[in-house]
Amino acid sequence: MQASDFYEPFFIRPIPRPMVKVCLAFLCGVVYARFFPCSLILGTAGILLTPMLWVAVIRRGVMGPKRDFHWRMVLIMAALLGAVRMQICWSQWQNRTAEADSLSRLGKLVVTGVVEETNIYPTGAKAILSGVSLNKRNQLHPFPGRLELLASADQLQNLLPGDRLQAAGEIEPVRGPSVPAGFDSQRYRLSQNILGAMSLDADDEILRLGRTGWSWIRGLAYQAVHAMERRHDLSEDRVGLLASICFGIRSLLPGDLSAALARSGLAHLTSISGLHVTLMLGVIAMVLKRMGCKRRQACWITAATAVFYLFLVGARIPALRAVIMAFVFLGHNLTERRIDSLNSLALAAMILLLIDPAELFLPSFQLSFAAVLILLLASPWGAGFYQWIPWKPLAWILQSIFASAAVVAALAPFTIAYFHVFSWGAIPGNLIAVPLATILLPLTYAWTLSMFFSIPWLTIFLGRAVEVLAGFLLSVIQYFSQACFSFETSPLPAAGGVSLFLIVLLLLRPGALLFEIRFIPVRAYQLAMALAAVILWLPAVFSPWKPLQVDFLALGQGDCIVIRTPDHRTAVIDGGPASRSKNSHRPSRLAQFLQSEGVRNIDFIIVTHPQSDHIGVLGDVVRRFPVSMILEGCRESDIGLYREFEAILDDRSVPRKLVRRGDRIDLGGQCRFWVLNPVREKDSKHIDINEQSVVVICQYYEWDIFLTGDIGQMTERLLCEAFDDWDVDVLKAPHHGSRYSSCDSFLKEIRPEFAVIQVGKNPYGHPSDEARYRLIDAGAHVLRNDLDGTVRLRAWRDQLRLFTTRSNRLYMYQSCIQQ
């Protein structure tokens with residue numbers, strides 16, 4: 001490498017990279033169509049008219065042979081193509097989901113499909129089926145996508161990819177998450193074209209109809225892992241780690257090890273990517289060279305090996321990207337042309353996005369391509385260590401540290417945005433783990449081959465070596481997963497994460513000339529400074545337009561409401577049902593939701609009344625978040641869960657206050673609460689603890705949100721007698737929709753536009769049909785946590801929006817008109 005290569009970031013050296021420009025234009029079109037859906041007809045017309053205009057301008061000789069004009073036309077075509085492809089993908093997704101929903105209403109069906117992947121968990125198992133056909137009374141219906149088969153581990157443990165099976169059951173469409181905290185299961189499944197799920201009971205039968213398709217190659221990987229499991233001296237952690245690193249089978253990873261990989265920043269080791277493909281193809285190329293194969297023959301054999309390896313480990317995004325780049329490299333080798341790595345990366349991205357443009361918005365795509373892009377741009381800087389330091393081993397160590405630090409720093413915005421954690425321990429961890437994985441890969445493949453070909457002495461020797469190296473790698477992962485090497489962060493908006501990544505990207509080439517504005521050059525460092533200023537000032541500029549956020553969480557049979565103001569103040573009303581998890585170190589679903597929303601502290605918690613379906617996991621929340629005040633209406637309870645909650649409050653020295661009718665609570669940002677119940681102690685006539693629930697009206701500008709706890713018809717009538725001129729927009733239905741609440745006189749008085757019933761699976765018959773019909777007759781749109789998932793309310797000064805996470809229902813309410 002010449003000296004000028006290292007100093008390239010500081011001066012301009014024009015290298016033509018046409019594929020990079022075309023790919024960026026295509027990405028712009030995809031992003032635009034994703035957030036601003038365009039007409040498919042207009043986009044197609046634009047693609048057809050643009051080349052006609054191009055040819056007309058050339059024939060008239062207006063532009064002549066100007067190169068810039070032709071490039072602009074090419075980039076416009078690429079952007080239009082990206083927008084149209086994204087719109088086609090969106091239309092196909094809508095049609096397929098609608099068809100899947102209609103097929104799910106057919107009742108019990110006989111399902112036939114080919115196994116693509118099986119995942120065995122401690123609590124059950126699942127298989128992904130493709131080529132699915134449904135049989136209903138001898139009428140065949142093709143299923144529009146993949147199907148998720150849920151069953152017990154005993155039913156699916158003997159299935160391998162490529163097996164054709166048949167089972168009977170009812171299909172459920174893919175639903176959104178009950179609580180929107182972190183991972184969106186619905187979005188992930190739809191991105192994988194999984195449009196339905198079928199659950200089997202333990203006594204249901206699964207028929208194997210033989211093997212078919214190319215999936216049998218993937219089955220070889222499962223057979224290799226089963227051979228590892230038969231070795232009794234290999235621990236569960238080692239088998240799961242080897243299966244994920246070498247064969248891309250992550251379902252065998254124990255939960256604790258998966259969490260340790262995420263905390264340590266070493267989870268990328270379990271993703272089949274460029275490291276695996278480069279190592280495999282490098283070994284094949286070296287063997288072919290030793291055998292004296294000609295260059296063209298070696299290229300074709302290597303390409304066939306790459307395809308086989310792709311089928312073996314599963315065609316996920318990192319593996320596809322690495323194989324496409326390998327094909328580009330082989331093509332250049334065949335044609336004896338110079339290889340440009342950035343063009344190759346852009347071509348790989350373009351091919352994947354042409355197949356499915358929605359991949360662009362998945363973390364796997366973004367992380368995979370961003371890491372490779374950073375390594376390519378940082379390579380000239382790292383190469384400078386060989387010029388500065390004469391001792392090559394030290395130069396190699398420093399170059400590796402720099403490359404690892406650059407990747408960790410550049411990917412930090414993505415890890416914070418998606419996983420809310422930053423692990424600086426990944427920098428030293430990668431320096432140890434990546435070389436270990438590089439040695440472990442060929443040894444594990446050789447070990448599995450020795451078991452297949454029955455070479456006992458080699459199997460014993462390689463098995464012992466793999467066991468030692470896997471144990472060492474586990475120790476590295478566990479060490480760097482300690483809390484001192486990582487810290488949790490507030491979630492980062494997508495726009496902020498992309499902007500921070502672009503800043504790092506631009507600073508790797510600070511002197512590069514990007515474009516000119518009226519003959520004034522704009523360089524990379526100038527654009528990076530401008531982006532940094534935008535990130536700092538945008539929150540302050542857009543703060544007045546932020547909404548009030550109210551989430552009626554679907555935690556089960558219990559109430560839980562989280563309210564966040566535009567200036568990031570937080571109130572929590574009740575804590576849902578008690579947690580069923582026996583692991584006290586694992587955060588509750590409410591705590592996970594608060595963390596995903598970026599909550600750092602809670603201004604106050606309202607405990608409407610001391611019952612288990614309202615106290616729930618509040619103790620866990622108080623342990624994990626600073627709480628300024630606890631507001632209660634009643635403290636007379638002998639429930640053990642409430643006593644534990646009081647002990648936690650005393651231990652944390654959290655202030656407590658009893659509230660009564662007439663109290664006002666200001667949360668800030670035009671958000672205030674008025675307490676309507678319970679009445680003053682001297683006036684209290686209620687005995688039932690439900691009737692002493694804290695009842696508040698949350699007011700935000702002209703919007704009123706009525707939160708009623710578990711009051712019954714007695715308190716409802718007393719409220720109607722005490723207050724008039726009601727104008728309720730959203731009602732939290734009293735007592736989970738009990739038949740003894742939501743009486744006609746109460747509903748006619750308050751006239752709610754929307755009613756949210758916080759209910760889950762229960763033996764009490766909640767919500768009752770009588771209460772539901774009374775709410776509907778009063779003119780309210782009824783939303784239920786058990787059917788609709790979490791109900792998310794967003795309130796601006798003049799607009800109200802409600803969105804359900806599971807049933808994907810959207811309501812817009814503005815100026816008293818339903819839209």
# chains A, B, ... in the order shown; residues from 1 in each chain; ligands from 1
$ residues_around --residues "region 134-140 of chain A" --least-positions-apart "5" --cutoff "7 Å" --atoms "only C-alpha atoms" --output "list in words"
Leu109, Val110, Val111 and Thr112 of chain A
$ residues_around --residues "region 795-811 of chain A" --least-positions-apart "3" --cutoff "6 Å" --atoms "only C-alpha atoms" --output "JSON, numbers by chain"
{"A": [175, 176, 177, 178, 547, 548, 788, 789, 790, 791, 792, 814]}
$ atom_distance --atom1 "CA of Pro752 (chain A)" --atom2 "CA of Leu555 (chain A)"
23.8 Å
$ select_by_dssp --residues "region 613-809 of chain A" --states "strand (DSSP E)" --output "ChimeraX atom specification"
/A:630-632,656-658,664-668,671-677,695-700,703-707,730-732,754-757,781-784,791-795,799-804
$ select_by_dssp --residues "region 582-663 of chain A" --states "alpha helix (DSSP H)" --output "ChimeraX atom specification"
/A:589-596,612-615,618-624,640-652
$ atom_distance --atom1 "CA of Asp356 (chain A)" --atom2 "CA of Phe26 (chain A)"
12.6 Å
$ closest_residue --among "A:Leu80, A:Ala304, A:Leu347, A:Val659" --to "Val31 (chain A)" --atoms "only C-alpha atoms"
A:Leu80
$ residues_around --residues "Cys671 (chain A)" --least-positions-apart "6" --cutoff "12 Å" --atoms "only C-alpha atoms" --output "VMD selection string"
chain A and resid 547 to 550 563 to 571 664 to 665 697 to 705 795 to 797
$ atom_distance --atom1 "CA of Phe453 (chain A)" --atom2 "CA of Gly274 (chain A)"
28.3 Å
$ residues_around --residues "Ile401 (chain A)" --least-positions-apart "6" --cutoff "10 Å" --atoms "only C-alpha atoms" --output "PyMOL selection string"
chain A and resi 382+395+427-428+430-431
$ closest_residue --among "A:Val498, A:Ile389, A:Val730, A:Leu458" --to "Leu367 (chain A)" --atoms "only C-alpha atoms"
A:Val498
$ residues_around --residues "Gly575 (chain A)" --least-positions-apart "2" --cutoff "7 Å" --atoms "only C-alpha atoms" --output "PyMOL selection string"
chain A and resi 559-560+573+577+614-618
